[in-house]
Structures are given as structure tokens and as C-alpha cells.
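Peer 1: Coordinates in structure09.csv, CSV, C-alpha atoms, are listed below.
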```csv
chain,number,residue,atom,x,y,z
A,23,MET,CA,-64.7,-45.9,31.7
A,24,LYS,CA,-64.7,-48.5,34.5
A,25,GLN,CA,-63.1,-51.8,33.5
A,26,LYS,CA,-65.1,-55.0,33.6
A,27,LEU,CA,-63.8,-58.2,35.1
A,28,THR,CA,-63.8,-61.3,32.8
A,29,SER,CA,-63.1,-64.9,33.7
A,30,THR,CA,-60.1,-65.2,36.1
A,31,LYS,CA,-58.9,-68.6,34.8
A,32,ASN,CA,-56.0,-67.2,32.8
A,33,ASN,CA,-55.4,-64.1,35.0
A,34,LEU,CA,-54.0,-65.6,38.1
A,35,GLN,CA,-51.0,-67.8,39.2
A,36,VAL,CA,-52.1,-69.2,42.5
A,37,LEU,CA,-49.2,-70.4,44.6
A,38,TYR,CA,-51.1,-71.6,47.7
A,39,GLU,CA,-54.7,-71.5,48.9
A,40,ASP,CA,-56.7,-72.8,51.8
A,41,ASN,CA,-59.7,-71.6,53.8
A,42,HIS,CA,-57.7,-69.0,55.5
A,43,ILE,CA,-55.2,-67.5,53.0
A,44,ILE,CA,-54.4,-67.3,49.3
A,45,ILE,CA,-51.0,-66.5,47.8
A,46,ILE,CA,-50.6,-65.1,44.3
A,47,ASN,CA,-47.6,-64.6,42.0
A,48,LYS,CA,-48.3,-61.1,40.9
A,49,ARG,CA,-47.5,-60.1,37.3
A,50,VAL,CA,-45.7,-56.9,36.3
A,51,GLY,CA,-48.2,-54.1,35.9
A,52,ASP,CA,-50.9,-55.5,38.3
A,53,ILE,CA,-51.9,-53.2,41.1
A,54,VAL,CA,-52.6,-54.9,44.4
A,55,GLN,CA,-55.3,-52.5,45.6
A,56,GLY,CA,-57.5,-50.0,43.7
A,57,ASP,CA,-56.0,-46.5,43.1
A,58,LYS,CA,-56.8,-43.4,41.2
A,59,THR,CA,-56.1,-45.1,37.8
A,60,GLY,CA,-59.4,-47.0,38.1
A,61,ASP,CA,-57.7,-50.1,36.8
A,62,ILE,CA,-59.0,-53.4,38.2
A,63,PRO,CA,-56.8,-54.4,41.2
A,64,LEU,CA,-55.5,-57.8,41.9
A,65,SER,CA,-57.6,-58.0,45.1
A,66,GLU,CA,-60.8,-57.8,42.9
A,67,VAL,CA,-59.5,-60.5,40.5
A,68,VAL,CA,-58.8,-62.8,43.5
A,69,LYS,CA,-62.3,-62.1,44.9
A,70,GLN,CA,-63.8,-63.2,41.6
A,71,TYR,CA,-61.6,-66.2,41.4
A,72,ILE,CA,-62.8,-67.3,44.9
A,73,ALA,CA,-66.5,-66.6,44.0
A,74,GLU,CA,-66.2,-68.6,40.8
A,75,LYS,CA,-64.3,-71.6,42.2
A,76,TYR,CA,-66.4,-72.0,45.3
A,77,GLN,CA,-69.7,-70.7,43.8
A,78,LYS,CA,-70.1,-68.1,46.4
A,79,LYS,CA,-73.3,-66.0,45.9
A,80,GLY,CA,-72.7,-63.3,48.5
A,81,LYS,CA,-69.9,-60.9,49.1
A,82,VAL,CA,-66.4,-62.4,49.2
A,83,PHE,CA,-64.1,-61.3,52.1
A,84,LEU,CA,-60.5,-60.7,51.1
A,85,GLY,CA,-58.0,-58.8,53.2
A,86,VAL,CA,-54.8,-57.2,51.8
A,87,VAL,CA,-51.9,-58.2,54.0
A,88,HIS,CA,-49.2,-56.3,52.1
A,89,ARG,CA,-48.5,-54.7,48.8
A,90,LEU,CA,-46.0,-54.8,45.9
A,91,ASP,CA,-45.3,-51.9,43.7
A,92,ARG,CA,-47.0,-52.0,40.3
A,93,PRO,CA,-43.9,-52.6,38.2
A,94,THR,CA,-42.7,-55.4,40.6
A,95,SER,CA,-43.6,-59.1,40.3
A,96,GLY,CA,-43.9,-61.8,42.8
A,97,ILE,CA,-45.5,-63.1,46.0
A,98,VAL,CA,-48.6,-61.3,47.4
A,99,ILE,CA,-50.5,-62.8,50.4
A,100,PHE,CA,-54.3,-62.2,50.9
A,101,ALA,CA,-56.3,-63.2,53.9
A,102,ARG,CA,-59.6,-65.0,53.3
A,103,THR,CA,-60.9,-64.4,56.9
A,104,SER,CA,-60.8,-61.5,59.3
A,105,LYS,CA,-59.1,-63.8,61.9
A,106,SER,CA,-56.2,-64.6,59.5
A,107,LEU,CA,-56.0,-61.0,58.4
A,108,GLU,CA,-55.6,-59.8,62.0
A,109,ARG,CA,-53.0,-62.5,62.7
A,110,LEU,CA,-51.0,-61.9,59.6
A,111,ASN,CA,-51.0,-58.1,60.2
A,112,LYS,CA,-49.6,-58.8,63.7
A,113,MET,CA,-46.9,-61.1,62.2
A,114,LEU,CA,-46.0,-58.5,59.7
A,115,ARG,CA,-45.6,-55.8,62.4
A,116,GLU,CA,-43.5,-58.2,64.5
A,117,LYS,CA,-41.3,-59.1,61.5
A,118,GLN,CA,-42.4,-62.8,61.5
A,119,LEU,CA,-42.8,-63.0,57.7
A,120,GLN,CA,-39.4,-63.5,56.1
A,121,LYS,CA,-39.4,-62.1,52.5
A,122,ILE,CA,-36.7,-62.7,49.9
A,123,TYR,CA,-36.4,-60.7,46.7
A,124,TRP,CA,-34.3,-61.0,43.6
A,125,ALA,CA,-33.2,-57.8,41.9
A,126,ILE,CA,-31.2,-57.4,38.7
A,127,VAL,CA,-29.0,-54.3,38.8
A,128,LYS,CA,-26.7,-52.7,36.2
A,129,ASN,CA,-23.8,-51.8,38.5
A,130,LYS,CA,-22.5,-54.5,40.8
A,131,PRO,CA,-22.3,-53.3,44.4
A,132,ALA,CA,-18.8,-52.7,45.9
A,133,LYS,CA,-19.3,-55.5,48.4
A,134,GLU,CA,-20.4,-59.1,47.7
A,135,ARG,CA,-22.8,-58.9,50.7
A,136,ASP,CA,-23.8,-56.1,53.0
A,137,THR,CA,-26.4,-54.7,55.3
A,138,LEU,CA,-27.8,-51.3,54.2
A,139,VAL,CA,-29.1,-49.0,56.9
A,140,HIS,CA,-30.6,-45.7,55.8
A,141,TYR,CA,-33.5,-43.4,56.6
A,142,LEU,CA,-36.3,-43.0,54.0
A,143,LYS,CA,-38.8,-40.2,53.6
A,144,LYS,CA,-41.7,-40.5,51.2
A,145,ASN,CA,-42.8,-37.7,49.0
A,146,PRO,CA,-46.5,-38.2,48.1
A,147,LYS,CA,-46.3,-35.6,45.3
A,148,ASN,CA,-44.0,-37.6,43.1
A,149,ASN,CA,-44.5,-41.0,44.8
A,150,LYS,CA,-40.8,-41.4,45.5
A,151,SER,CA,-38.7,-41.9,48.6
A,152,THR,CA,-35.6,-39.9,49.4
A,153,VAL,CA,-32.7,-41.7,51.2
A,154,PHE,CA,-30.7,-40.1,54.0
A,155,ARG,CA,-27.6,-41.5,55.7
A,156,LYS,CA,-28.8,-40.1,59.1
A,157,GLU,CA,-32.2,-39.7,60.6
A,158,ALA,CA,-34.1,-36.7,59.1
A,159,LYS,CA,-37.4,-35.1,60.0
A,160,GLY,CA,-40.2,-37.4,58.8
A,161,SER,CA,-37.9,-40.2,57.8
A,162,LYS,CA,-38.1,-43.9,58.8
A,163,LYS,CA,-35.3,-46.3,59.4
A,164,ALA,CA,-34.8,-48.8,56.5
A,165,ILE,CA,-32.7,-52.0,56.8
A,166,LEU,CA,-32.1,-54.6,54.1
A,167,HIS,CA,-29.5,-57.4,53.6
A,168,TYR,CA,-28.2,-58.2,50.2
A,169,THR,CA,-25.9,-60.9,48.7
A,170,VAL,CA,-24.5,-61.1,45.1
A,171,PHE,CA,-26.4,-64.1,43.9
A,172,LYS,CA,-25.3,-64.4,40.2
A,173,GLU,CA,-23.3,-62.4,37.8
A,174,LEU,CA,-24.5,-62.1,34.2
A,175,ASP,CA,-22.7,-60.6,31.2
A,176,ASN,CA,-23.9,-57.0,31.8
A,177,TYR,CA,-25.9,-57.2,35.0
A,178,THR,CA,-25.8,-58.6,38.5
A,179,VAL,CA,-28.5,-60.5,40.4
A,180,LEU,CA,-28.9,-59.7,44.1
A,181,LYS,CA,-30.7,-61.7,46.7
A,182,ILE,CA,-32.3,-59.4,49.2
A,183,ALA,CA,-33.8,-60.0,52.6
A,184,LEU,CA,-35.9,-57.2,54.0
A,185,GLU,CA,-35.8,-56.3,57.6
A,186,THR,CA,-38.2,-53.3,57.3
A,187,GLY,CA,-40.9,-52.6,54.8
A,188,ARG,CA,-40.6,-49.0,53.7
A,189,HIS,CA,-42.0,-47.3,50.7
A,190,HIS,CA,-39.9,-48.2,47.6
A,191,GLN,CA,-37.3,-49.4,50.1
A,192,ILE,CA,-35.3,-51.8,47.9
A,193,ARG,CA,-35.5,-49.5,44.9
A,194,ALA,CA,-34.4,-46.4,46.8
A,195,GLN,CA,-31.6,-48.0,48.8
A,196,LEU,CA,-30.0,-49.8,45.9
A,197,ALA,CA,-30.1,-46.6,43.8
A,198,PHE,CA,-28.4,-44.8,46.7
A,199,ILE,CA,-25.4,-47.2,46.5
A,200,LYS,CA,-25.3,-46.6,42.7
A,201,SER,CA,-26.9,-50.0,41.8
A,202,PRO,CA,-30.3,-49.0,40.5
A,203,ILE,CA,-32.6,-51.8,39.4
A,204,LYS,CA,-32.9,-52.5,35.7
A,205,GLY,CA,-35.8,-50.7,34.2
A,206,ASP,CA,-36.4,-48.4,37.2
A,207,LEU,CA,-36.4,-45.0,35.6
A,208,LYS,CA,-37.7,-43.4,38.8
A,209,TYR,CA,-34.6,-44.4,40.6
A,210,GLY,CA,-31.9,-43.9,38.1
A,211,ALA,CA,-32.0,-46.7,35.5
A,212,ASN,CA,-30.9,-45.6,32.0
A,213,ARG,CA,-33.8,-47.1,30.1
A,214,SER,CA,-37.2,-48.8,30.7
A,215,ASN,CA,-38.0,-52.5,30.3
A,216,PRO,CA,-40.2,-53.5,27.3
A,217,ASP,CA,-43.0,-54.6,29.6
A,218,GLY,CA,-42.9,-51.3,31.6
A,219,GLY,CA,-41.8,-53.1,34.7
A,220,ILE,CA,-38.6,-53.3,36.8
A,221,CYS,CA,-36.4,-56.3,37.5
A,222,LEU,CA,-37.5,-56.7,41.1
A,223,HIS,CA,-39.2,-59.9,42.0
A,224,ALA,CA,-40.6,-61.1,45.4
A,225,ARG,CA,-39.2,-64.6,45.1
A,226,GLU,CA,-39.8,-66.3,48.5
A,227,ILE,CA,-41.7,-66.0,51.7
A,228,ASN,CA,-41.4,-68.0,54.9
A,229,PHE,CA,-43.8,-67.8,57.8
A,230,ILE,CA,-45.9,-69.8,60.2
A,231,HIS,CA,-49.5,-70.3,59.0
A,232,PRO,CA,-51.7,-67.9,61.0
A,233,VAL,CA,-54.3,-70.6,61.9
A,234,ARG,CA,-52.8,-74.0,61.3
A,235,LYS,CA,-49.5,-73.0,62.9
A,236,GLU,CA,-47.5,-74.9,60.3
A,237,PRO,CA,-44.4,-73.6,58.6
A,238,ILE,CA,-45.1,-72.3,55.1
A,239,ARG,CA,-42.4,-71.7,52.4
A,240,ILE,CA,-43.5,-70.3,49.1
A,241,ILE,CA,-41.4,-69.7,46.0
A,242,ALA,CA,-42.6,-67.7,43.0
A,243,ASP,CA,-41.2,-68.1,39.5
A,244,ALA,CA,-39.7,-65.0,38.0
A,245,PRO,CA,-41.3,-63.5,34.9
A,246,LYS,CA,-40.3,-65.1,31.6
A,247,SER,CA,-37.6,-62.9,30.0
A,248,ALA,CA,-34.1,-63.3,28.5
A,249,LEU,CA,-32.5,-62.1,31.7
A,250,TRP,CA,-34.7,-63.7,34.3
A,251,ASN,CA,-34.4,-67.0,32.4
A,252,LEU,CA,-30.7,-67.0,33.3
A,253,CYS,CA,-31.5,-67.1,37.0
A,254,PRO,CA,-31.8,-70.6,38.6
```
Output the file's structure in the form of C-alpha cells.
Peer 2:
Amino acid sequence: MKQKLTSTKNNLQVLYEDNHIIIINKRVGDIVQGDKTGDIPLSEVVKQYIAEKYQKKGKVFLGVVHRLDRPTSGIVIFARTSKSLERLNKMLREKQLQKIYWAIVKNKPAKERDTLVHYLKKNPKNNKSTVFRKEAKGSKKAILHYTVFKELDNYTVLKIALETGRHHQIRAQLAFIKSPIKGDLKYGANRSNPDGGICLHAREINFIHPVRKEPIRIIADAPKSALWNLCP
């Protein structure tokens, strides 16, 4: 049965909005765009939010600039005009959007900071990426930079800057160095999290506004949990 949208007042944490873009702090479990599950995607919730707030009678335009995995939380940018969508897509291709993630891992990496360079190949059948040390047929180069951000009693918090945006990149690369993300059963975690999510959060994004040409810096609070609450 197709789900029905209700009021969006309590369903969204809006971090920034103007006439050109809107930025949301995505919750664990939300899907950014519609998929075969038939669950209501975040894009539709945001459209309804805009329609309700601005009393728009007609169809609301909303462009999906990038995605976050369903079990991941944090910053998602949507474009409110075709012009801003085109410009943001170009900025994304040219690596002009700086994304910072937090990840809670069980095993502390061997190095305090490092750059991980691998090759990833997506398997659509199991929706999982395989990591290779060297280029393989059908693989794409994946680069990220991490720093040990905070050490907890049984876990380590990493601060991660993405240089490329591959399928499940952070999840796959951290698992490959034996530091799987807490709750990420698909990539080697021992147990799931109570909310069904994983401890990966899109914490910060920096970019130049596609229309106003002003610098934008957005920070999203991590989900409320015993572990995340220990992060500053």
C-alpha cells in the first residue's frame, strides 16, 4: 500500500533555506529518493514542506543534488530551481563541495591520520561495493582522508573528508582497513544498532552558494544516542 504524506512540521530538520536551495539534516532510515520499497522519500517530504510553507498550489520543483545511504544521517542538499541544480551538479563534478563526515568505528586505524586510495566496484545484485588495492575492470578510484577525532571507551570517532563520491565509499574503505563502522553489518560490523542505522554522519559541508556566490558552511547535529552524545 502506498504511504500517505502527513504534515511535515515534525518530520524535517531544516538547516538552511532560501529561494534557490534547501538543506536538510537527514534522519537514519530516511531515503533521499524513491526506490523499490515504495517508502516516502525525503525529496517528497521536502516538496510538501515547501508547498505548505509558501502555499504553493502547483507542482513544486525540487532537484536532488546528492544522496546519503538510508542508514546514514546528516546533510543533504536539494535545489529549488533548475538553475541552482545545474550549478550545484557542476560544482559536485568539479569537487567544489567540501564534505566532512563523522564515523564511529570499533577498531582504531593503525595510523592517526591517513589518505586511503582504493578502487571500488559496485555489485548491483547485493548493493555492495568491493574494494581493490589496484585498478580492476569496472572499478572506480576512491580517495578519502581521515583523522582520529576522538577516542571513546570502546570505539574511535574518525573525521573524514571525501575527495571522491563512490558507492558506499566510506563504509567500504574503512572496512577494508579493518575498521568497519559501528552497526554496519553489510561491511563487517558484529552487531546492528538499535535504530537499524550505522554510525556514519554527514557532519559538515562548505561551498560557494550557486547563485549568491557567498560562502556557505553548514553543520548538522549528530543523532541523539549514548555514543554520539560523547562527540563535541
Peer 1: Using all atoms listed in the file, can you tell me which of A:Leu119, A:Val82, A:Ala101, A:Ile192 comes closest to Arg239 in chain A?
Peer 2: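 That would be A:Leu119, the residue with the smallest distance to Arg239 in chain A.
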Peer 1: Might you pull out every residue within 9 Å of range 172-177 of chain A, with only C-alpha atoms counted and same-chain residues fewer than 6 positions away left off, and present them as a ChimeraX atom specification?
Peer 2: /A:126-130,204,249,252-253
Peer 1: Residues near range 134-151 of chain A, anyone? I mean within 6 Å using only C-alpha atoms, not counting same-chain ones fewer than 6 positions away, as a PyMOL selection string.
Peer 2: chain A and resi 157+161-170
Peer 1: Could you please give me, as a list in words, the residues of protein, DNA or RNA lying at most 9 Å from (-51.2, -53.2, 35.6) in the coordinate frame of the file, considering only C-alpha atoms?
Peer 2: Arg49, Val50, Gly51, Asp52, Ile53, Asp61, Ile62, Pro63, Leu64, Arg92 and Pro93 of chain A
Peer 1: Determine, counting all atoms listed in the file, which protein, DNA and RNA residues have an atom within 9 Å of an atom of Asp206 in chain A; residues of the same chain fewer than 5 positions away are not included. Present the result as a PDB file with C-alpha atoms, keeping the file's coordinate frame.
Peer 2:
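The new file selection-v6.pdb reads:
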```
ATOM      1  CA  PRO A  93     -43.900 -52.600  38.200  1.00  0.00           C
ATOM      2  CA  ARG A 193     -35.500 -49.500  44.900  1.00  0.00           C
ATOM      3  CA  ALA A 211     -32.000 -46.700  35.500  1.00  0.00           C
ATOM      4  CA  ASN A 212     -30.900 -45.600  32.000  1.00  0.00           C
ATOM      5  CA  ARG A 213     -33.800 -47.100  30.100  1.00  0.00           C
ATOM      6  CA  SER A 214     -37.200 -48.800  30.700  1.00  0.00           C
ATOM      7  CA  ASN A 215     -38.000 -52.500  30.300  1.00  0.00           C
ATOM      8  CA  GLY A 219     -41.800 -53.100  34.700  1.00  0.00           C
ATOM      9  CA  ILE A 220     -38.600 -53.300  36.800  1.00  0.00           C
ATOM     10  CA  CYS A 221     -36.400 -56.300  37.500  1.00  0.00           C
TER      11      CYS A 221
END
```
Peer 1: From the list A:Phe154, A:Val233, A:Ala197, A:Gly160, which residue is nearest Leu107 in chain A when using only C-alpha atoms?
Peer 2: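 Under the stated criterion, the closest residue is A:Val233.
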Peer 1: Between CA of Gly96 in chain A and CA of Ala73 in chain A, what is the distance in Å, rounded to a tenth?
Peer 2: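 It comes out at 23.1 Å.
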Peer 1: What is the CA of Ile46 in chain A-CA of Tyr209 in chain A distance in Å, reported with one decimal?
Peer 2: 26.4 Å
Peer 1: Would you compute the distance between CA of Lys81 in chain A and CA of His42 in chain A? Give it in Å to one decimal.
Peer 2: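 Distance between the two atoms: 16.0 Å.
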Peer 1: Hey, what's within 9 Å of Ser106 in chain A if we count all atoms listed in the file and toss same-chain stuff fewer than 2 positions away? As a VMD selection string, please?
Peer 2: chain A and resid 42 to 43 85 101 to 104 108 to 111 231 to 233
Peer 1: For Lys105 in chain A, which residue among A:Asn41, A:Pro237, A:Ala242, A:Lys121 is the nearest when counting all atoms listed in the file?
Peer 2: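 Closest candidate: A:Asn41.
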Peer 1: For Phe83 in chain A, which residue out of A:Val68, A:Val54, A:Ile99, A:Ile227 is the nearest one, using all atoms listed in the file?
Peer 2: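 That would be A:Val68, the residue with the smallest distance to Phe83 in chain A.
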